[in-house]
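Contents: one structure, followed by commentary.
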Amino acid sequence: LLLIGPHGSAKSALLERVAHALALEHRHYNASLVAFDDLLGFPVPNAARDGLDYLRTPATLWGAQSVFLDEISRCRPDVQNKLFSIVHEKRVQGIALTSLRYRWAAMNPPASPDAPEEQDTYIGSLPLDPALADRFGFVLVLPALDDLSPEARRSVIRSGLCGSGDKSRDAG
């Protein structure tokens with residue numbers, strides 16, 4: 001699932017709440033800041049000295065049932081290429097991520113070359129590589145809070161989903 005929407009449209013909060021509601025072993029990464037070792041752990045020679053093992057931490061992908069790649073349109077092309085196999089094949093460095101079921105990502109809408117100058121643009125949010133974008137089975141464009149009807153806006157505000165903070169952690 002790829003969510004596209006403006007800041008404050010509750011993309012992160014929505015996916016964090018879904019993971020919590022499904023009681024998933026979940027990882028959340030900011031794709032624009034992540035180093036690949038953050039996903040795998042630090043590579044070290046294995047005991048036989050004929051391959052690599054990875055020093056795993058609670059933050060690595062191993063054992064995750066869901067992964068959320070936030071700000072995916074802001075990461076470098078080389079990182080997008082590495083994320084491709086996670087999204088498409090549930091593999092990393094050719095190794096199967098056997099527990100991984102859900103691959104979610106979110107991004108702000110990239111600037112359109114024909115957009116009016118007064119339109120809000122997100123500097124650094126670029127269109128995804130078409131091969132990566134095509135690997136998401138579902139792409140959902142979320143409206144801005146201002147685009148909702150007054151009743152829908154009140155409902156979202158009451159739910160605690162809008163805003164910059166993730167309220168799901170506070171809710172238990």
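Just remember, in the structure tokens the first chain shown is A, the second B, etc., residues are 1-based per chain, and ligands are 1-based in the order shown.
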Report as CSV: every residue of range 29-132 of chain A with an atom at most 10 Å from range 140-151 of chain A, its closest pair of atoms, and their distance in Å to one decimal, counting only C-alpha atoms, with rows sorted by chain and ascending residue number.
```
residue,atom,partner,partner_atom,distance
A:Ala106,CA,A:Leu140,CA,9.5
A:Met107,CA,A:Val141,CA,9.8
A:Asn108,CA,A:Val141,CA,9.6
A:Pro109,CA,A:Val141,CA,8.7
```
Keeping C-alpha atoms, export the residues of the selection given above as a short mmCIF file (atom, residue, chain, number, x, y, z; two decimals), in the first residue's frame.
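Final file, result-v3.cif:
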```
data_model
loop_
_atom_site.label_atom_id
_atom_site.label_comp_id
_atom_site.auth_asym_id
_atom_site.auth_seq_id
_atom_site.Cartn_x
_atom_site.Cartn_y
_atom_site.Cartn_z
CA ALA A 106 3.86 7.04 2.37
CA MET A 107 4.88 10.19 0.59
CA ASN A 108 3.88 13.77 -0.06
CA PRO A 109 2.70 14.49 -3.59
#
```
Quiz prompt | Every residue of chain A that DSSP places in helix (DSSP H, G or I), as an MDAnalysis selection string | solution = chainID A and resid 11:21 36:40 72:74 77:89 130:133 145:147 150:159
Practice problem: In Å, rounded to a single decimal, give me how far CA of Arg135 in chain A is from CA of Ser85 in chain A. | Solution: 9.6 Å
Quiz prompt | Selected residue, from A:Gln93, A:Asn30, A:Ser159, A:Ser125, that lies nearest to Arg17 in chain A when counting only C-alpha atoms | solution =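 Distance minimum relative to Arg17 in chain A lands on A:Ser159.
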Quiz prompt | Residues of range 17-114 of chain A in strand (DSSP E or B), written as number ranges by chain | solution = A: 26-30, 42-45, 52-55, 66-70, 91-92, 95-96, 102-107
Quiz prompt | Point-to-point distance in Å for CA of Ala64 in chain A and CA of Ser99 in chain A | solution =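 Between CA of Ser99 in chain A and CA of Ala64 in chain A the gap works out to 6.0 Å.
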